[in-house]
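Asker: final.txt (compact mmCIF, C-alpha atoms) pasted underneath:
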# COMPACT_ATOMS: atom_id res chain seq x y z
CA MET V 421 -23.90 -10.79 -4.15
CA LEU V 422 -21.42 -10.64 -7.02
CA GLU V 423 -21.64 -6.84 -6.90
CA VAL V 424 -20.55 -6.94 -3.26
CA ILE V 425 -17.63 -9.25 -4.02
CA LYS V 426 -16.47 -6.97 -6.82
CA GLN V 427 -16.02 -4.07 -4.39
CA PRO V 428 -12.56 -3.80 -2.78
CA TRP V 429 -12.52 -6.11 0.24
CA PRO V 430 -12.02 -4.54 3.69
CA TRP V 431 -9.00 -5.50 5.78
CA TYR V 432 -11.04 -7.47 8.34
CA ILE V 433 -12.16 -9.87 5.60
CA ALA V 434 -8.91 -10.11 3.64
CA GLY V 435 -6.50 -10.30 6.60
CA PRO V 436 -8.11 -13.37 8.24
CA LEU V 437 -8.38 -15.08 4.82
CA ILE V 438 -4.66 -14.52 4.22
CA GLY V 439 -3.98 -15.81 7.74
CA LEU V 440 -5.94 -18.98 6.93
CA THR V 441 -3.37 -19.81 4.25
CA VAL V 442 -1.07 -20.86 7.10
CA PRO V 443 -3.25 -23.72 8.42
CA ALA V 444 -4.47 -24.54 4.90
CA LEU V 445 -0.96 -25.37 3.67
CA LEU V 446 -0.08 -27.18 6.89
CA ILE V 447 -3.19 -29.35 6.81
CA LEU V 448 -3.03 -30.00 3.07
CA GLY V 449 0.48 -31.38 3.21
CA ASN V 450 2.62 -30.13 6.12
CA LYS V 451 3.91 -27.14 4.16
CA SER V 452 5.22 -23.90 5.65
CA PHE V 453 3.82 -20.78 4.06
CA GLY V 454 6.57 -18.94 2.19
CA ILE V 455 6.70 -17.38 -1.24
CA SER V 456 10.21 -16.04 -1.81
CA SER V 457 11.66 -19.58 -1.67
CA SER V 458 10.03 -20.08 -5.08
CA LEU V 459 12.66 -17.69 -6.47
CA ARG V 460 15.39 -19.87 -5.00
CA HIS V 461 13.81 -22.99 -6.50
CA ALA V 462 13.74 -21.21 -9.86
CA CYS V 463 17.50 -20.62 -9.56
CA ALA V 464 18.12 -24.20 -8.46
CA ALA V 465 16.08 -25.51 -11.38
CA CYS V 466 17.38 -23.23 -14.13
CA LEU V 467 20.87 -22.06 -13.26
CA PRO V 468 22.38 -23.88 -10.27
CA ALA V 469 25.92 -23.24 -11.66
CA LYS V 470 27.48 -25.54 -9.05
CA ILE V 471 26.69 -23.00 -6.32
CA PRO V 472 26.16 -24.95 -3.06
CA PHE V 473 23.20 -22.76 -2.12
CA PHE V 474 21.36 -24.07 -5.17
CA GLN V 475 22.42 -27.71 -4.91
CA TYR V 476 19.39 -29.40 -3.50
CA GLU V 477 16.50 -31.40 -4.79
CA TRP V 478 14.28 -28.56 -5.89
CA LYS V 479 11.79 -31.08 -7.24
CA LYS V 480 10.78 -31.79 -3.65
CA GLU V 481 9.62 -28.18 -3.52
CA THR V 482 7.48 -28.38 -6.65
CA TRP V 483 4.44 -27.64 -4.51
CA ASN V 484 5.84 -24.16 -3.86
CA LEU V 485 6.19 -23.43 -7.58
CA VAL V 486 2.66 -24.73 -8.16
CA PHE V 487 1.43 -22.46 -5.35
CA VAL V 488 2.93 -19.32 -6.93
CA LEU V 489 1.55 -20.36 -10.32
CA GLY V 490 -1.80 -20.41 -8.54
CA ILE V 491 -1.25 -16.84 -7.29
CA PHE V 492 -0.58 -15.79 -10.89
CA LEU V 493 -3.79 -17.52 -12.05
CA GLY V 494 -5.65 -15.95 -9.12
CA GLY V 495 -4.63 -12.55 -10.46
CA MET V 496 -6.03 -13.50 -13.87
CA VAL V 497 -9.30 -14.81 -12.42
CA ALA V 498 -9.80 -11.68 -10.32
CA SER V 499 -9.15 -9.32 -13.20
CA HIS V 500 -11.49 -11.16 -15.60
CA PHE V 501 -14.36 -12.10 -13.32
CA LEU V 502 -14.20 -9.73 -10.36
CA PRO V 503 -12.95 -6.37 -11.64
CA ASN V 504 -13.32 -3.32 -9.39
CA PRO V 505 -16.27 -1.17 -10.43
CA GLY V 506 -14.30 2.06 -9.91
CA PRO V 507 -10.70 3.30 -9.77
CA ILE V 508 -8.58 2.73 -6.66
CA LYS V 509 -9.17 5.33 -3.98
CA VAL V 510 -5.83 6.84 -3.03
CA ASN V 511 -5.18 8.89 0.09
CA GLU V 512 -5.45 12.60 -0.81
CA ASN V 513 -2.05 13.54 0.57
CA LEU V 514 -0.41 10.72 -1.37
CA ALA V 515 -2.27 11.62 -4.55
CA ARG V 516 -1.11 15.25 -4.24
CA GLU V 517 2.48 14.25 -3.56
CA LEU V 518 2.57 11.79 -6.48
CA ALA V 519 0.96 14.28 -8.85
CA ALA V 520 3.97 16.53 -8.28
CA TYR V 521 6.12 13.76 -9.78
CA GLY V 522 3.77 13.28 -12.72
CA ILE V 523 2.03 10.19 -11.31
CA THR V 524 -1.64 10.84 -11.93
CA ASP V 525 -2.92 7.52 -13.27
CA PHE V 526 -4.42 5.58 -10.35
CA SER V 527 -6.42 3.18 -12.51
CA ALA V 528 -4.17 0.14 -12.04
CA MET V 529 -2.45 -1.68 -9.18
CA VAL V 530 0.89 -0.30 -10.37
CA PRO V 531 1.61 3.37 -11.17
CA LEU V 532 1.32 3.18 -14.97
CA ASP V 533 3.14 6.50 -15.34
CA ILE V 534 6.33 4.69 -14.33
CA VAL V 535 5.70 0.95 -14.35
CA SER V 536 5.10 0.25 -18.05
CA TRP V 537 7.12 -1.07 -20.98
CA GLU V 538 7.48 2.47 -22.39
CA ASN V 539 9.05 3.70 -19.17
CA LEU V 540 11.25 0.68 -18.52
CA LEU V 541 14.34 2.45 -19.82
CA THR V 542 13.77 5.78 -18.05
CA ALA V 543 15.80 6.37 -14.87
CA PRO V 544 12.86 6.02 -12.42
CA GLY V 545 11.46 3.04 -14.36
CA LEU V 546 14.76 1.20 -14.45
CA ILE V 547 15.44 1.85 -10.76
CA MET V 548 11.95 0.84 -9.69
CA MET V 549 11.54 -2.30 -11.77
CA VAL V 550 15.04 -3.70 -12.26
CA GLY V 551 16.62 -2.20 -9.12
CA GLY V 552 13.61 -2.78 -6.89
CA GLY V 553 13.17 -6.36 -8.05
CA PHE V 554 16.82 -7.10 -7.41
CA LEU V 555 16.64 -5.70 -3.87
CA VAL V 556 13.50 -7.73 -3.16
CA GLY V 557 15.06 -11.00 -4.36
CA PHE V 558 18.48 -10.44 -2.80
CA GLY V 559 17.11 -9.10 0.48
CA ALA V 560 14.46 -11.78 0.91
CA ARG V 561 17.00 -14.58 0.54
CA TYR V 562 19.58 -12.80 2.72
CA ALA V 563 16.92 -12.37 5.41
CA GLY V 564 15.80 -15.98 4.94
CA GLY V 565 12.27 -15.12 3.89
CA CYS V 566 9.85 -12.40 2.87
CA THR V 567 6.63 -10.98 4.19
CA SER V 568 4.88 -14.35 3.96
CA GLY V 569 7.64 -16.51 5.42
CA HIS V 570 8.72 -14.17 8.19
CA ALA V 571 5.94 -11.68 8.92
CA ILE V 572 3.06 -14.14 8.61
CA MET V 573 4.37 -17.71 9.01
CA GLY V 574 7.28 -16.75 11.29
CA LEU V 575 5.23 -14.59 13.62
CA SER V 576 2.40 -17.15 13.64
CA THR V 577 4.85 -19.72 15.01
CA LEU V 578 6.32 -17.16 17.45
CA GLN V 579 9.81 -17.13 15.95
CA TRP V 580 11.65 -14.10 17.33
CA PRO V 581 14.17 -13.97 14.43
CA SER V 582 11.14 -13.42 12.20
CA LEU V 583 10.12 -10.47 14.36
CA VAL V 584 13.60 -9.00 13.86
CA ALA V 585 13.31 -9.50 10.10
CA THR V 586 9.80 -7.99 10.01
CA ILE V 587 10.94 -4.91 11.93
CA PHE V 588 13.77 -4.34 9.45
CA PHE V 589 11.43 -4.91 6.47
CA MET V 590 9.36 -2.03 7.84
CA VAL V 591 12.39 0.17 8.56
CA GLY V 592 13.65 -0.33 4.99
CA GLY V 593 10.21 0.43 3.58
CA PHE V 594 9.82 3.62 5.63
CA VAL V 595 13.25 4.87 4.59
CA MET V 596 12.59 4.12 0.93
CA ALA V 597 9.05 5.50 0.70
CA ASN V 598 9.67 8.70 2.67
CA TRP V 599 13.22 9.70 1.82
CA ILE V 600 14.70 7.82 -1.14
CA LEU V 601 11.69 7.35 -3.43
CA PRO V 602 11.03 11.13 -3.70
CA ILE V 603 14.58 11.53 -5.02
CA ILE V 604 14.16 8.70 -7.52
CA LEU V 605 10.82 10.05 -8.73
CA SER V 606 12.27 13.49 -9.36
CA LEU V 607 15.02 12.07 -11.63
CA MET C 284 25.56 -49.66 4.74
CA SER C 285 23.74 -48.11 1.83
CA ASN C 286 20.96 -47.25 4.25
CA PHE C 287 23.48 -45.49 6.42
CA THR C 288 24.85 -43.34 3.58
CA SER C 289 21.40 -42.43 2.41
CA GLU C 290 20.58 -41.40 5.98
CA ILE C 291 23.60 -39.08 5.98
CA SER C 292 22.84 -37.62 2.59
CA ARG C 293 19.25 -37.06 3.63
CA GLU C 294 20.44 -35.15 6.67
CA LYS C 295 22.83 -33.12 4.57
CA GLU C 296 20.10 -32.38 2.08
CA HIS C 297 17.86 -31.29 4.92
CA GLU C 298 20.58 -29.04 6.28
CA ILE C 299 21.20 -27.40 2.91
CA ARG C 300 17.56 -26.65 2.41
CA ALA C 301 17.11 -25.59 6.02
CA THR C 302 19.86 -22.96 5.70
CA ASP C 303 17.09 -20.72 4.68
CA ALA C 304 14.49 -22.12 2.42
CA MET C 305 11.44 -21.46 4.54
CA CYS C 306 9.85 -24.78 3.84
CA ILE C 307 11.73 -27.84 4.91
CA ASN C 308 8.69 -29.74 5.98
CA GLU C 309 7.97 -32.43 3.53
CA SER C 310 5.70 -35.30 3.03
CA GLN C 311 7.24 -38.68 3.70
CA GLN C 312 4.70 -40.27 1.43
CA ASP C 313 5.10 -40.50 -2.31
CA HIS C 314 2.40 -38.63 -4.05
CA GLN C 315 1.24 -38.52 -7.63
CA TRP C 316 1.86 -35.22 -9.44
CA TYR C 317 -1.81 -34.27 -9.26
CA TYR C 318 -1.59 -34.04 -5.48
CA ASN C 319 0.06 -30.68 -6.18
CA LEU C 320 -3.19 -29.39 -7.62
CA LYS C 321 -4.42 -28.67 -4.10
CA TYR C 322 -1.63 -26.09 -3.80
CA LEU C 323 -2.67 -24.62 -7.14
CA VAL C 324 -6.19 -24.12 -5.82
CA THR C 325 -4.89 -22.59 -2.57
CA GLY C 326 -2.69 -20.28 -4.64
CA VAL C 327 -5.60 -19.19 -6.83
CA LEU C 328 -7.78 -18.35 -3.80
CA PHE C 329 -4.88 -16.56 -2.15
CA GLY C 330 -4.20 -14.58 -5.34
CA ILE C 331 -7.84 -13.50 -5.57
CA VAL C 332 -7.75 -12.21 -1.98
CA PHE C 333 -4.51 -10.36 -2.80
CA VAL C 334 -6.12 -8.60 -5.73
CA LYS C 335 -9.50 -7.86 -4.16
CA ALA C 336 -7.97 -6.46 -0.97
CA GLU C 337 -5.55 -4.36 -3.07
CA VAL C 338 -2.61 -5.83 -1.17
CA ILE C 339 -0.81 -5.89 -4.50
CA SER C 340 -1.40 -2.19 -5.08
CA TRP C 341 1.71 -0.04 -5.18
CA PHE C 342 -0.42 2.81 -3.83
CA ARG C 343 -1.58 0.84 -0.77
CA ILE C 344 2.03 0.00 0.09
CA GLN C 345 3.05 3.65 -0.25
CA GLU C 346 0.17 4.63 2.06
CA MET C 347 1.33 2.04 4.58
CA PHE C 348 4.90 3.33 4.68
CA ARG C 349 3.68 6.93 4.90
CA LEU C 350 1.22 6.08 7.71
CA GLN C 351 -1.62 7.39 5.55
CA SER C 352 -3.85 4.35 5.84
CA PHE C 353 -4.63 1.60 8.32
CA HIS C 354 -5.60 -0.91 5.61
CA MET C 355 -2.30 -2.83 5.27
CA TYR C 356 -1.65 -2.82 9.02
CA GLY C 357 -5.12 -4.25 9.55
CA ILE C 358 -4.50 -6.96 6.97
CA ILE C 359 -1.07 -8.04 8.20
CA GLY C 360 -2.13 -7.78 11.85
CA SER C 361 -5.30 -9.83 11.48
CA ALA C 362 -3.52 -12.35 9.23
CA VAL C 363 -0.88 -12.90 11.90
CA LEU C 364 -3.51 -13.26 14.65
CA VAL C 365 -5.46 -15.85 12.64
CA GLY C 366 -2.20 -17.62 11.77
CA MET C 367 -1.12 -17.71 15.43
CA LEU C 368 -4.46 -19.04 16.59
CA SER C 369 -4.45 -21.71 13.86
CA VAL C 370 -0.93 -22.88 14.69
CA TRP C 371 -1.86 -22.98 18.38
CA LEU C 372 -4.93 -25.10 17.60
CA ILE C 373 -2.89 -27.45 15.37
CA LYS C 374 -0.28 -27.90 18.10
CA THR C 375 -2.78 -28.24 20.96
CA PHE C 376 -5.05 -30.75 19.27
CA LYS C 377 -2.21 -32.43 17.35
CA ILE C 378 -4.15 -31.99 14.13
CA LYS C 379 -2.78 -34.09 11.27
CA THR C 380 -2.63 -33.44 7.56
CA ILE C 381 -5.40 -34.72 5.31
CA HIS C 382 -3.09 -37.66 4.52
CA GLY C 383 -2.78 -38.48 8.23
CA GLU C 384 0.75 -37.22 8.63
CA GLU C 385 2.01 -35.31 11.63
CA ILE C 386 2.37 -31.54 11.15
CA THR C 387 5.85 -30.36 12.07
CA PHE C 388 7.41 -26.98 12.75
CA SER C 389 11.03 -25.99 12.63
CA ASP C 390 12.59 -23.12 14.58
CA LYS C 391 14.34 -20.33 12.75
CA LYS C 392 17.84 -19.47 13.90
CA PHE C 393 18.86 -15.88 14.29
CA ASN C 394 21.63 -14.51 12.11
CA ARG C 395 22.60 -11.00 11.10
CA GLY C 396 21.16 -11.65 7.65
CA GLN C 397 17.73 -10.97 9.12
CA VAL C 398 18.91 -7.44 9.87
CA TYR C 399 20.90 -6.63 6.71
CA GLY C 400 18.73 -8.67 4.38
CA GLY C 401 15.59 -7.39 6.07
CA LEU C 402 16.68 -3.82 5.48
CA ILE C 403 17.55 -4.50 1.82
CA PHE C 404 14.24 -6.30 1.28
CA GLY C 405 12.39 -3.40 2.91
CA LEU C 406 14.04 -0.91 0.56
CA GLY C 407 12.98 -3.03 -2.42
CA TRP C 408 9.45 -3.41 -1.02
CA GLY C 409 9.07 0.35 -0.66
CA LEU C 410 10.30 0.79 -4.23
CA THR C 411 8.39 -1.90 -6.13
CA GLY C 412 5.39 -1.79 -3.80
CA ALA C 413 5.35 -5.55 -4.01
CA CYS C 414 6.89 -8.43 -2.14
CA PRO C 415 7.35 -11.67 -4.12
CA GLY C 416 3.72 -12.89 -3.84
CA PRO C 417 2.13 -9.76 -5.27
CA LEU C 418 4.61 -9.81 -8.18
CA PHE C 419 3.01 -13.02 -9.45
CA ALA C 420 -0.51 -11.63 -8.97
CA GLN C 421 0.34 -8.35 -10.73
CA ILE C 422 1.60 -10.26 -13.76
CA GLY C 423 -1.62 -12.31 -13.73
CA LEU C 424 -3.62 -9.09 -13.63
CA GLY C 425 -2.01 -8.11 -16.90
CA ALA C 426 0.85 -5.84 -15.82
CA THR C 427 3.26 -7.78 -18.04
CA VAL C 428 6.17 -5.43 -17.44
CA VAL C 429 6.32 -6.77 -13.87
CA ILE C 430 7.90 -9.87 -15.45
CA VAL C 431 11.05 -7.71 -15.59
CA THR C 432 10.79 -7.06 -11.84
CA LEU C 433 10.27 -10.78 -11.18
CA LEU C 434 13.26 -11.79 -13.31
CA SER C 435 15.32 -9.19 -11.52
CA ALA C 436 14.21 -10.64 -8.18
CA ILE C 437 15.30 -14.09 -9.36
CA ALA C 438 18.64 -12.56 -10.42
CA GLY C 439 18.95 -11.00 -6.95
CA THR C 440 18.33 -14.39 -5.37
CA TRP C 441 20.99 -15.94 -7.61
CA VAL C 442 23.57 -13.25 -6.80
CA TYR C 443 22.89 -13.75 -3.09
CA GLY C 444 23.47 -17.50 -3.49
CA ARG C 445 26.66 -16.87 -5.46
CA PHE C 446 28.20 -14.51 -2.86
CA ARG C 447 26.60 -16.00 0.22
CA GLU C 448 29.92 -17.10 1.77
CA GLN C 449 31.40 -13.59 1.54
CA LEU C 450 28.42 -11.89 3.18
CA PRO C 451 28.22 -11.33 6.95
CA HIS C 452 25.66 -13.58 8.65
How would this structure read if it were set down as structure tokens?
Answerer:
Amino acid sequence: MLEVIKQPWPWYIAGPLIGLTVPALLILGNKSFGISSSLRHACAACLPAKIPFFQYEWKKETWNLVFVLGIFLGGMVASHFLPNPGPIKVNENLARELAAYGITDFSAMVPLDIVSWENLLTAPGLIMMVGGGFLVGFGARYAGGCTSGHAIMGLSTLQWPSLVATIFFMVGGFVMANWILPIILSL
Amino acid sequence: MSNFTSEISREKEHEIRATDAMCINESQQDHQWYYNLKYLVTGVLFGIVFVKAEVISWFRIQEMFRLQSFHMYGIIGSAVLVGMLSVWLIKTFKIKTIHGEEITFSDKKFNRGQVYGGLIFGLGWGLTGACPGPLFAQIGLGATVVIVTLLSAIAGTWVYGRFREQLPH
């Protein structure tokens, strides 16, 4: 049984389980599923700097910070007790394309040839980690949510603004992955 | 009179948080700190699914945006369907929380931020291969350098808050 669980889970198992987070949080305490708000609470707690956007009682949102701490711990649990028996299978076309940019290590969840402490100060590393993180944080707040808050919670509650946001998440991702990322990787 | 002012400040507080924190639902009951442990457990389970389904893999996200794999579409699609069905059931049968409170939903208002911000977020997602949730799971997995990405995301959030008034919405 444990051997089966250690294999990568198929989408039809994982997707419904992720979807069940929505009712789980609602039934546990009337909470709307959303992860990027934790970044806002972190700002409100650590560096509010009299900015109105961060002037609120973040302590009422402690649950959200506890939830993301749980995700972090979940990552630890999975890596210690349920490690994949083999390397990640990557689509052949993608593997070939990435190899041309010197990305050949598919053993981790992140491309270790770029995302590592040694490569943090290279141009692609800096753009991907520092630049990418900034875009994610800035964009999520500007859009009023991320994949969890808009694409999953928003669409589950039939909010059309969330559909707009989700469509533009995808547009941005397509543009980056297909046209901009190749340029960054060849730097 | 003091009741009246607290009513106003509560409304103002609600408005500030509603501007775009996704979660403005809150329990009206006072809970002990350990009540938050249930969210810790939910987070742990959620994180395990993230890792085991490789949702947090940079490679899976690249495959998604290059239309090279159905995996991520299947996950997001089925998650949304299950979420929709659950919300429908909760609304139809007026299911309450485990503490007996009513479950509430708030509508999201459209503003242009969903377009501009959505686009910016998408660019970042394609680059880092991770939205905020997976960042936490990747760090837990042992990719400590992702702490830099997370701090940068927090910085991005802060800069947005700082210049919010000057940005088109």
Asker: Please tell me which residues are no farther than 7 Å from (2.8, -20.8, 2.9) in the file, counting all atoms listed in the file, and write them as a list in words.
Answerer: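 Residues with an atom close enough to that point: Thr441, Val442, Leu445, Lys451, Ser452, Phe453, Gly454, Ile455, Ser568 and Gly569 of chain V.
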Asker: Can you pull out the residues contacting Leu422 of chain V? Cut-off 9 Å, using only C-alpha atoms, and skip same-chain residues under 4 positions away; I want them as a list of chain:residue names.
Answerer: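 The filter keeps V:Lys426, V:Gln427, V:Leu502.
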Asker: How many Å separate atom CA of Phe487 of chain V from atom CA of Ala462 of chain V?
Answerer: 13.2 Å
Asker: May I have the residues within 10 Å of Trp478 of chain V as a list in words, using all atoms listed in the file and disregarding those fewer than 3 positions away in the same chain?
Answerer: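 Returned residues: Ser458, Arg460, His461, Ala462, Cys463, Ala464, Ala465, Phe474, Gln475, Glu481, Thr482, Trp483, Asn484 and Leu485 of chain V; Arg300 of chain C.
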Asker: Need the shell around segment 407-419 of chain C: protein/DNA/RNA residues with any atom at most 7 Å away, counting all atoms listed in the file. Skip same-chain ones fewer than 3 positions apart. Format as a VMD selection string?
Answerer: (chain V and resid 455 to 456 488 491 to 492 548 to 549 552 to 553 555 to 556 567 593 596 to 597 601) or (chain C and resid 339 to 341 344 to 345 403 to 404 422 to 423 429 433)
Asker: What's the 12 Å shell around Pro602 of chain V, counting only C-alpha atoms, without same-chain residues fewer than 3 positions away, as a list in words?
Answerer: Leu514, Glu517, Leu518, Ala519, Ala520, Tyr521, Gly522, Ile523, Pro544, Met548, Val595, Met596, Ala597, Asn598, Trp599, Leu605, Ser606 and Leu607 of chain V; Gln345, Gly409 and Leu410 of chain C
Asker: Using only C-alpha atoms, I'd like a table of the residues in segment 362-392 of chain C that come within 10 Å of segment 430-440 of chain V; for each, show the closest atom pair and its distance in Å rounded to one decimal, ordered by chain and ascending number, as CSV.
Answerer:
residue,atom,partner,partner_atom,distance
C:Ala362,CA,V:Gly439,CA,3.8
C:Val363,CA,V:Gly439,CA,5.9
C:Leu364,CA,V:Gly439,CA,7.4
C:Val365,CA,V:Gly439,CA,5.1
C:Gly366,CA,V:Gly439,CA,4.8
C:Met367,CA,V:Gly439,CA,8.4
C:Leu368,CA,V:Gly439,CA,9.4
C:Ser369,CA,V:Leu440,CA,7.6
Asker: Name the residues in contact with Thr577 of chain V at a cut-off of 9 Å, using only C-alpha atoms, excluding same-chain residues fewer than 4 positions from it; report them as a PDB file with C-alpha atoms, in the frame of the given file.
Answerer:
ATOM      1  CA  ILE V 572       3.060 -14.140   8.610  1.00  0.00           C
ATOM      2  CA  MET V 573       4.370 -17.710   9.010  1.00  0.00           C
TER       3      MET V 573
ATOM      4  CA  GLY C 366      -2.200 -17.620  11.770  1.00  0.00           C
ATOM      5  CA  MET C 367      -1.120 -17.710  15.430  1.00  0.00           C
ATOM      6  CA  VAL C 370      -0.930 -22.880  14.690  1.00  0.00           C
ATOM      7  CA  TRP C 371      -1.860 -22.980  18.380  1.00  0.00           C
ATOM      8  CA  PHE C 388       7.410 -26.980  12.750  1.00  0.00           C
ATOM      9  CA  ASP C 390      12.590 -23.120  14.580  1.00  0.00           C
TER      10      ASP C 390
END
Asker: Could you check how far atom CA of Tyr476 of chain V sits from atom CA of Pro581 of chain V, in Å to one decimal?
Answerer: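 Interatomic distance here is 24.2 Å.
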Asker: Looking at C:Pro451, C:Val332, C:Ile437, C:His314, which one is nearest to Gln397 of chain C, with distances taken over all atoms listed in the file?
Answerer: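 For Gln397 of chain C, the nearest of the given residues is C:Pro451.
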Asker: Can you work out which one of V:Ser576, V:Asn513, V:Ser582, V:Ser527 has the shortest atom-to-atom distance to chain C, counting only C-alpha atoms?
Answerer: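 Using only C-alpha atoms, the shortest distance to chain C belongs to V:Ser576.
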Asker: Once you add 3 Å to each side, what are the centre and edge lengths of the axis-aligned box holding all listed atoms of segment 484-489 of chain V? One decimal in Å, as AutoDock Vina command-line options, if you can.
Answerer:
--center_x 3.8 --center_y -22.0 --center_z -7.1 --size_x 10.8 --size_y 11.4 --size_z 12.5
Asker: Counting all atoms listed in the file, figure out which residue out of V:Gly506, V:Gly574, V:Gly551, V:Gly495 gets nearest to chain C.
Answerer: V:Gly495
Asker: Tell me which of C:Ile373, C:Ile430, C:Leu424, C:Leu450 sits closest to chain V, counting all atoms listed in the file.
Answerer: C:Leu424
Asker: Suppose you want the space between atom CA of Gly396 of chain C and atom CA of Ser435 of chain C; what is it in Å?
Answerer: 20.2 Å
Asker: Find the residue from C:Gly326, C:Gly425, C:Gly357, C:Gly400 that sits nearest to Gly439 of chain C; use only C-alpha atoms when measuring.
Answerer: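 Of all the options, C:Gly400 lies closest to Gly439 of chain C.
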Asker: Complete segment 588-606 of chain V at the level of N, CA and C atoms, written as a PDB file, in the frame of the given file.
Answerer:
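Writing done, so here's selection_0.pdb:
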ATOM      1  N   PHE V 588      12.861  -4.962  10.423  1.00  0.00           N
ATOM      2  CA  PHE V 588      13.770  -4.340   9.450  1.00  0.00           C
ATOM      3  C   PHE V 588      13.141  -4.213   8.061  1.00  0.00           C
ATOM      4  N   PHE V 589      12.192  -5.105   7.730  1.00  0.00           N
ATOM      5  CA  PHE V 589      11.430  -4.910   6.470  1.00  0.00           C
ATOM      6  C   PHE V 589      10.760  -3.537   6.536  1.00  0.00           C
ATOM      7  N   MET V 590      10.114  -3.271   7.693  1.00  0.00           N
ATOM      8  CA  MET V 590       9.360  -2.030   7.840  1.00  0.00           C
ATOM      9  C   MET V 590      10.296  -0.820   7.833  1.00  0.00           C
ATOM     10  N   VAL V 591      11.429  -0.942   8.531  1.00  0.00           N
ATOM     11  CA  VAL V 591      12.390   0.170   8.560  1.00  0.00           C
ATOM     12  C   VAL V 591      12.840   0.498   7.135  1.00  0.00           C
ATOM     13  N   GLY V 592      13.215  -0.537   6.376  1.00  0.00           N
ATOM     14  CA  GLY V 592      13.650  -0.330   4.990  1.00  0.00           C
ATOM     15  C   GLY V 592      12.568   0.331   4.154  1.00  0.00           C
ATOM     16  N   GLY V 593      11.335  -0.125   4.332  1.00  0.00           N
ATOM     17  CA  GLY V 593      10.210   0.430   3.580  1.00  0.00           C
ATOM     18  C   GLY V 593       9.960   1.896   3.906  1.00  0.00           C
ATOM     19  N   PHE V 594      10.022   2.228   5.204  1.00  0.00           N
ATOM     20  CA  PHE V 594       9.820   3.620   5.630  1.00  0.00           C
ATOM     21  C   PHE V 594      10.895   4.524   5.035  1.00  0.00           C
ATOM     22  N   VAL V 595      12.137   4.076   5.108  1.00  0.00           N
ATOM     23  CA  VAL V 595      13.250   4.870   4.590  1.00  0.00           C
ATOM     24  C   VAL V 595      13.073   5.092   3.089  1.00  0.00           C
ATOM     25  N   MET V 596      12.750   4.013   2.381  1.00  0.00           N
ATOM     26  CA  MET V 596      12.590   4.120   0.930  1.00  0.00           C
ATOM     27  C   MET V 596      11.430   5.043   0.564  1.00  0.00           C
ATOM     28  N   ALA V 597      10.245   4.769   1.113  1.00  0.00           N
ATOM     29  CA  ALA V 597       9.050   5.500   0.700  1.00  0.00           C
ATOM     30  C   ALA V 597       9.131   6.992   1.053  1.00  0.00           C
ATOM     31  N   ASN V 598       9.696   7.315   2.225  1.00  0.00           N
ATOM     32  CA  ASN V 598       9.670   8.700   2.670  1.00  0.00           C
ATOM     33  C   ASN V 598      10.871   9.528   2.245  1.00  0.00           C
ATOM     34  N   TRP V 599      12.026   8.889   2.096  1.00  0.00           N
ATOM     35  CA  TRP V 599      13.220   9.700   1.820  1.00  0.00           C
ATOM     36  C   TRP V 599      13.909   9.395   0.490  1.00  0.00           C
ATOM     37  N   ILE V 600      13.956   8.129   0.092  1.00  0.00           N
ATOM     38  CA  ILE V 600      14.700   7.820  -1.140  1.00  0.00           C
ATOM     39  C   ILE V 600      13.812   7.901  -2.377  1.00  0.00           C
ATOM     40  N   LEU V 601      12.592   7.362  -2.269  1.00  0.00           N
ATOM     41  CA  LEU V 601      11.690   7.350  -3.430  1.00  0.00           C
ATOM     42  C   LEU V 601      11.434   8.765  -3.998  1.00  0.00           C
ATOM     43  N   PRO V 602      11.217   9.797  -3.127  1.00  0.00           N
ATOM     44  CA  PRO V 602      11.030  11.130  -3.700  1.00  0.00           C
ATOM     45  C   PRO V 602      12.204  11.563  -4.584  1.00  0.00           C
ATOM     46  N   ILE V 603      13.416  11.165  -4.205  1.00  0.00           N
ATOM     47  CA  ILE V 603      14.580  11.530  -5.020  1.00  0.00           C
ATOM     48  C   ILE V 603      14.528  10.799  -6.365  1.00  0.00           C
ATOM     49  N   ILE V 604      14.214   9.490  -6.289  1.00  0.00           N
ATOM     50  CA  ILE V 604      14.160   8.700  -7.520  1.00  0.00           C
ATOM     51  C   ILE V 604      13.078   9.227  -8.472  1.00  0.00           C
ATOM     52  N   LEU V 605      11.928   9.578  -7.892  1.00  0.00           N
ATOM     53  CA  LEU V 605      10.820  10.050  -8.730  1.00  0.00           C
ATOM     54  C   LEU V 605      11.096  11.390  -9.372  1.00  0.00           C
ATOM     55  N   SER V 606      11.995  12.179  -8.755  1.00  0.00           N
ATOM     56  CA  SER V 606      12.270  13.490  -9.360  1.00  0.00           C
ATOM     57  C   SER V 606      13.406  13.415 -10.385  1.00  0.00           C
TER      58      SER V 606
END
